[in-house]
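A.B. asks: First, the structure itself, so that you have it in front of you.
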Amino acid sequence: MKKYISLMVMLLALLSVGFTACSNDDEPKVPSIVGTWQHDHEANSWDIYYQFTKDGKFHYVWKTNIVTPQGLKPTVAVANGTYTISGTKLIVTLDSNPNYDLYLCPYECEYSVQGDKLKLVLGGEEPTFTRVDDSAISTWVP
């Protein structure tokens, strides 16, 4: 009887090691595009933000200053739409066709996320964006 108990204990020990060794926790995590991203650029007269939400919504905010006879006038343009991801391809579709240039939007492009940096490949350009807090554009997006 002791042989059977010893054999069962050894079998249970082997099974428990086998179950813990088959964990999926070791798989690499793919960085998420979800969040708000500010365009990296040298100019200080404008800012572009992209926001990607968990539910597939896309928001674009362009803040600039327009020169008027009275001086600089802050202006904000906002566009909304949806996005999908297929592998490393980002596909953005706008809800409406804005009357202003939306940095080649709507578009399909390659993208990559490394840490807090988002890089897009748009035609011959490769703009980069830095992840910022969602509150940076919360005044203008729904």
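Ordering of the structure tokens sets the chain letters (A, B, ...), residue numbers begin anew at 1 in every chain, and ligands are numbered from 1 in the order given.
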Give me the residues near Asp47 of chain A as a list of chain:residue names, where near means some atom within 9 Å (using only C-alpha atoms) and where sequence neighbours in that chain fewer than 6 positions away do not count.
C.D. replies: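 Within the cut-off, the hits are A:Gln38, A:His39, A:Asp40, A:His41, A:Val61, A:Trp62, A:Lys63, A:Thr64.
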A.B. asks: Take the residues from that selection and put them in a file with all heavy atoms, as a PDB file, in the first residue's frame.
C.D. replies:
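Dumped to again.pdb:
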```
ATOM      1  N   GLN A  38       1.357  62.378 -29.156  1.00  0.00           N
ATOM      2  CA  GLN A  38       1.657  63.726 -29.642  1.00  0.00           C
ATOM      3  C   GLN A  38       2.795  63.648 -30.649  1.00  0.00           C
ATOM      4  O   GLN A  38       3.818  63.004 -30.410  1.00  0.00           O
ATOM      5  CB  GLN A  38       2.057  64.643 -28.486  1.00  0.00           C
ATOM      6  CG  GLN A  38       2.334  66.057 -28.923  1.00  0.00           C
ATOM      7  CD  GLN A  38       2.684  66.962 -27.749  1.00  0.00           C
ATOM      8  OE1 GLN A  38       2.949  66.512 -26.634  1.00  0.00           O
ATOM      9  NE2 GLN A  38       2.669  68.260 -27.994  1.00  0.00           N
ATOM     10  N   HIS A  39       2.593  64.315 -31.793  1.00  0.00           N
ATOM     11  CA  HIS A  39       3.592  64.314 -32.863  1.00  0.00           C
ATOM     12  C   HIS A  39       4.888  64.951 -32.379  1.00  0.00           C
ATOM     13  O   HIS A  39       4.882  66.005 -31.748  1.00  0.00           O
ATOM     14  CB  HIS A  39       3.041  65.090 -34.071  1.00  0.00           C
ATOM     15  CG  HIS A  39       3.917  65.034 -35.268  1.00  0.00           C
ATOM     16  ND1 HIS A  39       4.731  66.074 -35.623  1.00  0.00           N
ATOM     17  CD2 HIS A  39       4.112  64.064 -36.191  1.00  0.00           C
ATOM     18  CE1 HIS A  39       5.398  65.759 -36.728  1.00  0.00           C
ATOM     19  NE2 HIS A  39       5.031  64.537 -37.082  1.00  0.00           N
ATOM     20  N   ASP A  40       6.011  64.292 -32.660  1.00  0.00           N
ATOM     21  CA  ASP A  40       7.335  64.835 -32.342  1.00  0.00           C
ATOM     22  C   ASP A  40       7.762  65.726 -33.496  1.00  0.00           C
ATOM     23  O   ASP A  40       7.865  65.258 -34.633  1.00  0.00           O
ATOM     24  CB  ASP A  40       8.363  63.706 -32.184  1.00  0.00           C
ATOM     25  CG  ASP A  40       8.039  62.778 -31.031  1.00  0.00           C
ATOM     26  OD1 ASP A  40       7.383  63.213 -30.074  1.00  0.00           O
ATOM     27  OD2 ASP A  40       8.453  61.599 -31.089  1.00  0.00           O
ATOM     28  N   HIS A  41       7.989  66.994 -33.218  1.00  0.00           N
ATOM     29  CA  HIS A  41       8.410  67.910 -34.271  1.00  0.00           C
ATOM     30  C   HIS A  41       9.173  69.071 -33.651  1.00  0.00           C
ATOM     31  O   HIS A  41       9.144  69.279 -32.445  1.00  0.00           O
ATOM     32  CB  HIS A  41       7.211  68.428 -35.073  1.00  0.00           C
ATOM     33  CG  HIS A  41       6.200  69.141 -34.222  1.00  0.00           C
ATOM     34  ND1 HIS A  41       6.324  70.457 -33.855  1.00  0.00           N
ATOM     35  CD2 HIS A  41       5.055  68.701 -33.635  1.00  0.00           C
ATOM     36  CE1 HIS A  41       5.295  70.805 -33.102  1.00  0.00           C
ATOM     37  NE2 HIS A  41       4.517  69.760 -32.949  1.00  0.00           N
ATOM     38  N   VAL A  61      -6.465  65.578 -33.335  1.00  0.00           N
ATOM     39  CA  VAL A  61      -6.574  66.969 -32.895  1.00  0.00           C
ATOM     40  C   VAL A  61      -5.353  67.719 -33.418  1.00  0.00           C
ATOM     41  O   VAL A  61      -4.218  67.293 -33.207  1.00  0.00           O
ATOM     42  CB  VAL A  61      -6.642  67.079 -31.352  1.00  0.00           C
ATOM     43  CG1 VAL A  61      -6.628  68.534 -30.915  1.00  0.00           C
ATOM     44  CG2 VAL A  61      -7.882  66.371 -30.819  1.00  0.00           C
ATOM     45  N   TRP A  62      -5.611  68.823 -34.109  1.00  0.00           N
ATOM     46  CA  TRP A  62      -4.554  69.687 -34.630  1.00  0.00           C
ATOM     47  C   TRP A  62      -4.743  71.056 -34.014  1.00  0.00           C
ATOM     48  O   TRP A  62      -5.759  71.714 -34.226  1.00  0.00           O
ATOM     49  CB  TRP A  62      -4.625  69.761 -36.149  1.00  0.00           C
ATOM     50  CG  TRP A  62      -3.611  70.658 -36.777  1.00  0.00           C
ATOM     51  CD1 TRP A  62      -2.253  70.586 -36.653  1.00  0.00           C
ATOM     52  CD2 TRP A  62      -3.873  71.755 -37.648  1.00  0.00           C
ATOM     53  NE1 TRP A  62      -1.650  71.565 -37.396  1.00  0.00           N
ATOM     54  CE2 TRP A  62      -2.624  72.316 -38.020  1.00  0.00           C
ATOM     55  CE3 TRP A  62      -5.029  72.327 -38.151  1.00  0.00           C
ATOM     56  CZ2 TRP A  62      -2.509  73.399 -38.858  1.00  0.00           C
ATOM     57  CZ3 TRP A  62      -4.913  73.424 -38.990  1.00  0.00           C
ATOM     58  CH2 TRP A  62      -3.663  73.942 -39.347  1.00  0.00           C
ATOM     59  N   LYS A  63      -3.776  71.467 -33.201  1.00  0.00           N
ATOM     60  CA  LYS A  63      -3.827  72.777 -32.549  1.00  0.00           C
ATOM     61  C   LYS A  63      -2.774  73.671 -33.190  1.00  0.00           C
ATOM     62  O   LYS A  63      -1.629  73.266 -33.352  1.00  0.00           O
ATOM     63  CB  LYS A  63      -3.533  72.638 -31.059  1.00  0.00           C
ATOM     64  CG  LYS A  63      -4.555  71.834 -30.304  1.00  0.00           C
ATOM     65  CD  LYS A  63      -4.232  71.529 -28.859  1.00  0.00           C
ATOM     66  CE  LYS A  63      -3.222  72.349 -28.177  1.00  0.00           C
ATOM     67  NZ  LYS A  63      -2.995  72.039 -26.769  1.00  0.00           N
ATOM     68  N   THR A  64      -3.188  74.881 -33.547  1.00  0.00           N
ATOM     69  CA  THR A  64      -2.248  75.819 -34.152  1.00  0.00           C
ATOM     70  C   THR A  64      -2.655  77.246 -33.813  1.00  0.00           C
ATOM     71  O   THR A  64      -3.725  77.482 -33.254  1.00  0.00           O
ATOM     72  CB  THR A  64      -2.169  75.630 -35.681  1.00  0.00           C
ATOM     73  OG1 THR A  64      -1.072  76.391 -36.187  1.00  0.00           O
ATOM     74  CG2 THR A  64      -3.450  76.044 -36.369  1.00  0.00           C
TER      75      THR A  64
END
```
A.B. asks: From the options A:Thr36, A:Lys54, A:Ile66, A:Cys109, which residue's atoms come nearest to Thr82 of chain A, counting only C-alpha atoms?
C.D. replies: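 Of A:Thr36, A:Lys54, A:Ile66, A:Cys109, the one nearest Thr82 of chain A is A:Lys54, counting only C-alpha atoms.
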